[in-house]
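Asks: One structure follows; several queries about it will come next.
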Amino acid sequence: MSQVSIVIPTLNEAGSLERTLRQLTLLNPPAFEVIVVDGGSEDETVAVAKQCFGSFNQSLCVQVLSSERRGRSIQMNYGASAATGDILCFLHADTWVPDDLITVIEKTLAESTIACGGFISLMSGSQTTRWGISLHNYLKTYYAPLLFKPHLFFRGLRLLFGDQVMFCRRTDFWDCGGFDETLPIMEDGDLCLKLVKKGRIYLVNRIVHSSDRRVAKWGSWKANAIYLYIGFLWGIGVDANYLKQFYQDIR
């Protein structure tokens with residue numbers, strides 16, 4: 001059996017993290033370890049993480065780390081450097097996974113031609129499911145690389161994002177240099193471009209649930225427009241530091 005390390009970057013996620021961690025206690029089989037990497041939260045995120053970890057199986061390795069530098073790429077690399085499992089799974093604090101997550105990951109990466117995988121993200125809120133945006137995000141996994149990187153698409157490139165719970169082998173991750181810490185956005189797409197040199201990027205035909213808080217804040221039309229705008233500009237090579245201004249943090 002593989003050993004799966006789950007890395008969760010956090011920043012002011014007290015409102016979402018408890019549910020995410022609570023669901024991880026239900027994994028069967030369990031993860032090898034769970035690592036929360038906080039980027040200097042000003043709310044109760046760290047306290048929530050420590051409290052929730054008290055309910056985890058005592059045989060499971062759990063850690064709450066504090067990153068001196070803030071940034072999702074930086075925090076995920078920091079967590080990956082502390083991980084000891086042979087598979088890395090990057091989970092957002094507002095994303096909820098099925099209880100057979102570990103089995104799905106292991107079976108997917110048992111195929112040697114697959115370098116990285118992710119799930120279909122269904123965006124939802126307490127009383128709303130964002131079917132339209134979820135469908136568009138699913139289709140974008142395929143049409144974006146076909147449109148902008150057709151030569152890589154036919155080699156197995158698919159465009160995954162962080163809310164799709166990306167996972168890969170730890171050796172492949174570091175062979176590719178991990179996440180680019182200079183990128184404030186689209187670090188997940190950049191990792192796909194690097195990992196496709198190791199093998200196919202695979203979209204698992206299973207669902208994870210991600211918070212719709214950004215869409216709820218912006219509205220569906222504005223959110224779709226921003227996603228398309230950022231995706232198109234990134235696809236033609238516009239610097240991610242410029243794109244970040246259109247994708248501000250929502251808490």
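Within each chain, counting starts at residue 1; across the structure tokens, chains are named A, B, ... in the order shown, with ligands numbered 1 upward in that order.
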Apply DSSP to the backbone of this structure and, from stretch 3-250 of chain A, keep only the residues in strand (DSSP E); write these as JSON, numbers by chain.

Replies: {"A": [4, 5, 6, 7, 8, 9, 10, 33, 34, 35, 36, 37, 38, 61, 62, 63, 64, 65, 66, 87, 88, 89, 90, 95, 96, 114, 115, 116, 117, 118, 119, 120, 121, 122, 123, 124, 167, 168, 169, 200, 201, 202, 203, 204, 205, 206, 207, 208, 209, 210, 211]}

Asks: Per residue of stretch 73-178 of chain A within 10 Å of stretch 1-7 of chain A, note the shortest atom pair and the distance in Å to one decimal, counting only C-alpha atoms, and order the rows by chain and increasing residue number, as JSON lines.

Replies:
```
{"residue": "A:Gln75", "atom": "CA", "partner": "A:Val7", "partner_atom": "CA", "distance": 9.0}
{"residue": "A:Met76", "atom": "CA", "partner": "A:Val7", "partner_atom": "CA", "distance": 6.6}
{"residue": "A:Asn77", "atom": "CA", "partner": "A:Val7", "partner_atom": "CA", "distance": 9.1}
{"residue": "A:Tyr78", "atom": "CA", "partner": "A:Val7", "partner_atom": "CA", "distance": 9.2}
{"residue": "A:Gly79", "atom": "CA", "partner": "A:Val7", "partner_atom": "CA", "distance": 5.8}
{"residue": "A:Ala80", "atom": "CA", "partner": "A:Val7", "partner_atom": "CA", "distance": 6.9}
{"residue": "A:Ala82", "atom": "CA", "partner": "A:Val7", "partner_atom": "CA", "distance": 9.5}
{"residue": "A:Ala83", "atom": "CA", "partner": "A:Ser5", "partner_atom": "CA", "distance": 6.1}
{"residue": "A:Thr84", "atom": "CA", "partner": "A:Ser5", "partner_atom": "CA", "distance": 7.0}
{"residue": "A:Gly85", "atom": "CA", "partner": "A:Gln3", "partner_atom": "CA", "distance": 4.7}
{"residue": "A:Asp86", "atom": "CA", "partner": "A:Gln3", "partner_atom": "CA", "distance": 5.5}
{"residue": "A:Ile87", "atom": "CA", "partner": "A:Val4", "partner_atom": "CA", "distance": 4.7}
{"residue": "A:Leu88", "atom": "CA", "partner": "A:Ser5", "partner_atom": "CA", "distance": 5.1}
{"residue": "A:Cys89", "atom": "CA", "partner": "A:Ile6", "partner_atom": "CA", "distance": 4.7}
{"residue": "A:Phe90", "atom": "CA", "partner": "A:Val7", "partner_atom": "CA", "distance": 5.0}
{"residue": "A:Leu91", "atom": "CA", "partner": "A:Val7", "partner_atom": "CA", "distance": 6.1}
{"residue": "A:His92", "atom": "CA", "partner": "A:Val7", "partner_atom": "CA", "distance": 8.5}
{"residue": "A:Ala93", "atom": "CA", "partner": "A:Val7", "partner_atom": "CA", "distance": 9.7}
{"residue": "A:Leu101", "atom": "CA", "partner": "A:Val4", "partner_atom": "CA", "distance": 9.9}
{"residue": "A:Ile102", "atom": "CA", "partner": "A:Val4", "partner_atom": "CA", "distance": 7.0}
{"residue": "A:Thr103", "atom": "CA", "partner": "A:Ser2", "partner_atom": "CA", "distance": 9.4}
{"residue": "A:Ile105", "atom": "CA", "partner": "A:Val4", "partner_atom": "CA", "distance": 8.3}
{"residue": "A:Glu106", "atom": "CA", "partner": "A:Ser2", "partner_atom": "CA", "distance": 6.4}
{"residue": "A:Lys107", "atom": "CA", "partner": "A:Ser2", "partner_atom": "CA", "distance": 9.7}
{"residue": "A:Leu109", "atom": "CA", "partner": "A:Ser2", "partner_atom": "CA", "distance": 9.4}
{"residue": "A:Ala110", "atom": "CA", "partner": "A:Ser2", "partner_atom": "CA", "distance": 9.2}
{"residue": "A:Val165", "atom": "CA", "partner": "A:Ile6", "partner_atom": "CA", "distance": 9.7}
{"residue": "A:Phe167", "atom": "CA", "partner": "A:Ile6", "partner_atom": "CA", "distance": 8.9}
{"residue": "A:Cys168", "atom": "CA", "partner": "A:Val4", "partner_atom": "CA", "distance": 9.5}
{"residue": "A:Arg169", "atom": "CA", "partner": "A:Val4", "partner_atom": "CA", "distance": 9.1}
{"residue": "A:Arg170", "atom": "CA", "partner": "A:Ser5", "partner_atom": "CA", "distance": 9.2}
```

Asks: Could you give me, as a VMD selection string, the residues within 8 Å of A:Thr20, counting only C-alpha atoms and dropping anything in the same chain fewer than 2 positions from it?

Replies: chain A and resid 16 to 18 22 to 24 93 to 97

Asks: Output all heavy atoms for every residue in the selection just made, as an mmCIF file, in the first residue's frame.

Replies:
```
data_model
loop_
_atom_site.group_PDB
_atom_site.id
_atom_site.type_symbol
_atom_site.label_atom_id
_atom_site.label_comp_id
_atom_site.auth_asym_id
_atom_site.auth_seq_id
_atom_site.Cartn_x
_atom_site.Cartn_y
_atom_site.Cartn_z
ATOM 1 N N SER A 16 -14.117 27.141 7.654
ATOM 2 C CA SER A 16 -14.233 25.989 6.761
ATOM 3 C C SER A 16 -13.429 24.778 7.208
ATOM 4 O O SER A 16 -13.783 23.644 6.901
ATOM 5 C CB SER A 16 -13.765 26.383 5.344
ATOM 6 O OG SER A 16 -14.528 27.429 4.810
ATOM 7 N N LEU A 17 -12.343 25.012 7.900
ATOM 8 C CA LEU A 17 -11.369 23.954 8.163
ATOM 9 C C LEU A 17 -11.926 22.822 9.017
ATOM 10 O O LEU A 17 -11.597 21.653 8.794
ATOM 11 C CB LEU A 17 -10.128 24.550 8.824
ATOM 12 C CG LEU A 17 -8.961 23.584 9.064
ATOM 13 C CD1 LEU A 17 -8.457 23.017 7.746
ATOM 14 C CD2 LEU A 17 -7.828 24.284 9.806
ATOM 15 N N GLU A 18 -12.758 23.146 10.000
ATOM 16 C CA GLU A 18 -13.253 22.102 10.905
ATOM 17 C C GLU A 18 -13.997 21.013 10.134
ATOM 18 O O GLU A 18 -13.787 19.817 10.365
ATOM 19 C CB GLU A 18 -14.162 22.706 11.964
ATOM 20 C CG GLU A 18 -14.683 21.663 12.953
ATOM 21 C CD GLU A 18 -15.540 22.266 14.046
ATOM 22 O OE1 GLU A 18 -15.726 23.504 14.053
ATOM 23 O OE2 GLU A 18 -16.028 21.497 14.904
ATOM 24 N N ARG A 22 -12.795 17.191 9.860
ATOM 25 C CA ARG A 22 -13.715 16.196 10.402
ATOM 26 C C ARG A 22 -13.984 15.083 9.389
ATOM 27 O O ARG A 22 -14.062 13.897 9.742
ATOM 28 C CB ARG A 22 -15.028 16.859 10.827
ATOM 29 C CG ARG A 22 -15.965 15.929 11.590
ATOM 30 C CD ARG A 22 -17.112 16.692 12.210
ATOM 31 N NE ARG A 22 -17.986 17.287 11.211
ATOM 32 C CZ ARG A 22 -18.156 18.585 11.047
ATOM 33 N NH1 ARG A 22 -17.473 19.439 11.801
ATOM 34 N NH2 ARG A 22 -18.975 19.051 10.127
ATOM 35 N N GLN A 23 -14.091 15.450 8.129
ATOM 36 C CA GLN A 23 -14.311 14.434 7.095
ATOM 37 C C GLN A 23 -13.080 13.565 6.897
ATOM 38 O O GLN A 23 -13.194 12.389 6.535
ATOM 39 C CB GLN A 23 -14.726 15.106 5.788
ATOM 40 C CG GLN A 23 -16.132 15.696 5.860
ATOM 41 C CD GLN A 23 -16.643 16.153 4.511
ATOM 42 O OE1 GLN A 23 -15.876 16.622 3.685
ATOM 43 N NE2 GLN A 23 -17.940 16.022 4.293
ATOM 44 N N LEU A 24 -11.907 14.131 7.137
ATOM 45 C CA LEU A 24 -10.690 13.322 6.992
ATOM 46 C C LEU A 24 -10.603 12.236 8.060
ATOM 47 O O LEU A 24 -9.919 11.230 7.868
ATOM 48 C CB LEU A 24 -9.445 14.219 7.050
ATOM 49 C CG LEU A 24 -9.270 15.217 5.906
ATOM 50 C CD1 LEU A 24 -7.929 15.938 6.038
ATOM 51 C CD2 LEU A 24 -9.377 14.535 4.545
ATOM 52 N N ALA A 93 -8.696 24.039 2.153
ATOM 53 C CA ALA A 93 -9.385 24.006 3.445
ATOM 54 C C ALA A 93 -10.897 24.060 3.306
ATOM 55 O O ALA A 93 -11.619 23.746 4.260
ATOM 56 C CB ALA A 93 -8.905 25.161 4.314
ATOM 57 N N ASP A 94 -11.399 24.462 2.144
ATOM 58 C CA ASP A 94 -12.850 24.550 1.941
ATOM 59 C C ASP A 94 -13.347 23.507 0.948
ATOM 60 O O ASP A 94 -14.372 23.702 0.290
ATOM 61 C CB ASP A 94 -13.236 25.953 1.471
ATOM 62 C CG ASP A 94 -12.656 26.299 0.101
ATOM 63 O OD1 ASP A 94 -11.707 25.619 -0.336
ATOM 64 O OD2 ASP A 94 -13.153 27.255 -0.534
ATOM 65 N N THR A 95 -12.630 22.393 0.843
ATOM 66 C CA THR A 95 -13.011 21.317 -0.078
ATOM 67 C C THR A 95 -13.202 20.029 0.713
ATOM 68 O O THR A 95 -12.410 19.713 1.601
ATOM 69 C CB THR A 95 -11.935 21.118 -1.155
ATOM 70 O OG1 THR A 95 -11.822 22.327 -1.932
ATOM 71 C CG2 THR A 95 -12.294 19.978 -2.094
ATOM 72 N N TRP A 96 -14.236 19.284 0.364
ATOM 73 C CA TRP A 96 -14.613 18.096 1.124
ATOM 74 C C TRP A 96 -14.561 16.863 0.233
ATOM 75 O O TRP A 96 -15.036 16.878 -0.903
ATOM 76 C CB TRP A 96 -16.008 18.300 1.718
ATOM 77 C CG TRP A 96 -16.040 19.616 2.435
ATOM 78 C CD1 TRP A 96 -15.281 19.987 3.506
ATOM 79 C CD2 TRP A 96 -16.810 20.781 2.083
ATOM 80 N NE1 TRP A 96 -15.535 21.292 3.866
ATOM 81 C CE2 TRP A 96 -16.471 21.807 3.008
ATOM 82 C CE3 TRP A 96 -17.766 21.046 1.098
ATOM 83 C CZ2 TRP A 96 -17.040 23.068 2.957
ATOM 84 C CZ3 TRP A 96 -18.331 22.296 1.052
ATOM 85 C CH2 TRP A 96 -17.971 23.303 1.979
ATOM 86 N N VAL A 97 -13.988 15.812 0.764
ATOM 87 C CA VAL A 97 -13.626 14.644 -0.045
ATOM 88 C C VAL A 97 -14.431 13.415 0.371
ATOM 89 O O VAL A 97 -14.964 13.346 1.479
ATOM 90 C CB VAL A 97 -12.117 14.347 0.106
ATOM 91 C CG1 VAL A 97 -11.302 15.532 -0.396
ATOM 92 C CG2 VAL A 97 -11.756 14.021 1.558
#
```

Asks: So that I can check the surroundings of A:Ile133, please list as a PDB file with C-alpha atoms, in the first residue's frame every protein, DNA and RNA residue that reaches within 9 Å of it, counting only C-alpha atoms and ignoring chain neighbours fewer than 6 positions away.

Replies:
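The file below, selection.pdb, is the result:
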```
ATOM      1  CA  LEU A 122     -18.758  20.290  -7.637  1.00  0.00           C
ATOM      2  CA  MET A 123     -19.087  23.839  -6.359  1.00  0.00           C
ATOM      3  CA  VAL A 215     -19.203  32.797  -6.705  1.00  0.00           C
ATOM      4  CA  SER A 220     -22.370  33.667 -11.302  1.00  0.00           C
ATOM      5  CA  ALA A 223     -17.367  34.745 -11.681  1.00  0.00           C
ATOM      6  CA  ASN A 224     -17.580  33.002 -15.046  1.00  0.00           C
TER       7      ASN A 224
END
```

Asks: Check the smallest atom-to-atom distance from each of A:Gly71, A:Pro98, A:Gly199, A:Gly178 to A:Thr113 using only C-alpha atoms, then report the winner.

Replies: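 Closest to A:Thr113 of all the choices is A:Gly199.
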
Asks: Identify which of the residues A:Thr182, A:Thr25, A:Ser126, A:Asn241 lies closest to A:Asn57, counting only C-alpha atoms when measuring atom-to-atom distances.

Replies: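 Counting only C-alpha atoms, the residue closest to A:Asn57 is A:Thr25.
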
Asks: Nearest to A:Thr128 among A:Ile201, A:Ala216, A:Val36, A:Val104, with distances taken over only C-alpha atoms: which residue is it?

Replies: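 Ranked by minimum distance to A:Thr128, first place goes to A:Ala216.
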
Asks: My list of candidates is A:Pro184, A:Ser121, A:Leu65, A:Trp221. Which is closest to A:Gln245 when distances are computed with only C-alpha atoms?

Replies: A:Pro184

Asks: According to DSSP computed on the backbone, where in stretch 7-242 of chain A is there alpha helix (DSSP H)? Give the residues as number ranges by chain.

Replies: A: 14-24, 45-53, 72-82, 101-109, 131-148, 150-153, 170-175, 187-195, 213-218, 220-235, 240-242

Asks: I need the chosen residues saved as a short mmCIF file (atom, residue, chain, number, x, y, z; two decimals), in the first residue's frame, with C-alpha atoms.

Replies:
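Listed below is the output, part-v2.cif:
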```cif
data_model
loop_
_atom_site.label_atom_id
_atom_site.label_comp_id
_atom_site.auth_asym_id
_atom_site.auth_seq_id
_atom_site.Cartn_x
_atom_site.Cartn_y
_atom_site.Cartn_z
CA ALA A 14 -11.47 28.84 10.73
CA GLY A 15 -14.96 28.81 9.21
CA SER A 16 -14.23 25.99 6.76
CA LEU A 17 -11.37 23.95 8.16
CA GLU A 18 -13.25 22.10 10.90
CA ARG A 19 -15.61 20.41 8.46
CA THR A 20 -12.75 19.50 6.12
CA LEU A 21 -10.70 17.94 8.91
CA ARG A 22 -13.72 16.20 10.40
CA GLN A 23 -14.31 14.43 7.09
CA LEU A 24 -10.69 13.32 6.99
CA THR A 45 -7.55 28.59 12.16
CA VAL A 46 -4.58 27.15 14.04
CA ALA A 47 -6.64 26.53 17.18
CA VAL A 48 -9.33 24.78 15.13
CA ALA A 49 -6.72 22.57 13.46
CA LYS A 50 -5.14 21.56 16.78
CA GLN A 51 -8.50 20.90 18.36
CA CYS A 52 -9.71 18.77 15.44
CA PHE A 53 -6.49 16.79 15.34
CA ARG A 72 -0.34 29.01 -1.33
CA SER A 73 2.60 27.75 -3.41
CA ILE A 74 5.04 28.51 -0.60
CA GLN A 75 2.88 26.82 2.03
CA MET A 76 2.21 23.73 -0.06
CA ASN A 77 5.92 23.31 -0.81
CA TYR A 78 6.65 23.70 2.88
CA GLY A 79 4.12 21.01 3.72
CA ALA A 80 5.45 18.75 0.99
CA SER A 81 8.99 19.14 2.33
CA ALA A 82 7.78 17.91 5.74
CA LEU A 101 -10.21 9.13 -1.11
CA ILE A 102 -7.06 7.16 -0.31
CA THR A 103 -8.19 4.07 -2.24
CA VAL A 104 -9.05 6.19 -5.29
CA ILE A 105 -5.65 7.91 -5.20
CA GLU A 106 -3.76 4.64 -4.82
CA LYS A 107 -5.63 2.94 -7.65
CA THR A 108 -5.12 5.92 -9.95
CA LEU A 109 -1.37 6.17 -9.40
CA TRP A 131 -24.22 23.37 -11.71
CA GLY A 132 -23.30 25.77 -14.52
CA ILE A 133 -19.90 26.82 -13.17
CA SER A 134 -19.13 23.26 -12.09
CA LEU A 135 -19.84 22.05 -15.63
CA HIS A 136 -17.68 24.77 -17.12
CA ASN A 137 -14.80 23.92 -14.79
CA TYR A 138 -15.11 20.27 -15.79
CA LEU A 139 -15.02 21.10 -19.49
CA LYS A 140 -12.11 23.52 -18.97
CA THR A 141 -9.98 20.60 -17.81
CA TYR A 142 -10.06 19.43 -21.41
CA TYR A 143 -10.66 22.40 -23.68
CA ALA A 144 -8.04 24.72 -22.14
CA PRO A 145 -5.03 22.46 -22.84
CA LEU A 146 -6.47 21.46 -26.22
CA LEU A 147 -6.79 25.13 -27.19
CA PHE A 148 -3.52 26.49 -25.80
CA PRO A 150 -2.51 20.99 -28.26
CA HIS A 151 0.84 19.21 -28.60
CA LEU A 152 0.79 18.50 -24.86
CA PHE A 153 -2.92 17.68 -24.81
CA ARG A 170 6.37 12.79 -4.07
CA THR A 171 9.43 11.94 -6.20
CA ASP A 172 7.79 13.34 -9.35
CA PHE A 173 6.71 16.46 -7.50
CA TRP A 174 10.25 17.32 -6.41
CA ASP A 175 11.82 16.20 -9.69
CA GLU A 187 0.46 27.53 -9.60
CA ASP A 188 -1.65 24.40 -10.05
CA GLY A 189 -1.85 24.79 -13.83
CA ASP A 190 1.88 25.41 -13.93
CA LEU A 191 2.48 22.17 -12.00
CA CYS A 192 0.39 20.27 -14.56
CA LEU A 193 2.62 21.62 -17.34
CA LYS A 194 5.66 20.30 -15.50
CA LEU A 195 4.24 16.96 -14.42
CA ARG A 213 -18.04 31.42 -1.51
CA ARG A 214 -16.23 33.18 -4.35
CA VAL A 215 -19.20 32.80 -6.70
CA ALA A 216 -21.58 33.85 -3.93
CA LYS A 217 -19.50 37.02 -3.47
CA TRP A 218 -19.15 37.84 -7.17
CA SER A 220 -22.37 33.67 -11.30
CA TRP A 221 -21.98 35.88 -14.38
CA LYS A 222 -19.09 37.89 -12.99
CA ALA A 223 -17.37 34.75 -11.68
CA ASN A 224 -17.58 33.00 -15.05
CA ALA A 225 -16.31 36.11 -16.82
CA ILE A 226 -13.33 36.39 -14.47
CA TYR A 227 -12.50 32.69 -14.77
CA LEU A 228 -12.59 32.89 -18.57
CA TYR A 229 -10.59 36.13 -18.65
CA ILE A 230 -7.86 34.82 -16.36
CA GLY A 231 -7.76 31.47 -18.13
CA PHE A 232 -7.43 33.02 -21.56
CA LEU A 233 -4.72 35.48 -20.56
CA TRP A 234 -2.76 32.77 -18.75
CA GLY A 235 -3.10 30.51 -21.77
CA ALA A 240 0.45 35.51 -13.25
CA ASN A 241 1.39 38.49 -11.07
CA TYR A 242 -0.72 40.69 -13.34
#
```

Asks: What gap, in Å, lies between atom CA of A:Ile185 and atom CA of A:Lys244?

Replies: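 Value for the atom CA of A:Ile185-atom CA of A:Lys244 distance: 6.0 Å.
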
Asks: Please measure the separation of atom CA of A:Asp163 and atom CA of A:Ser210, giving the value in Å to one decimal.

Replies: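 Atom CA of A:Ser210 lies 6.4 Å from atom CA of A:Asp163.
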
Asks: Report the distance between atom CA of A:Asn12 and atom CA of A:Val64 in Å, rounded to one decimal place.

Replies: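 Atom CA of A:Asn12 sits 14.1 Å away from atom CA of A:Val64.
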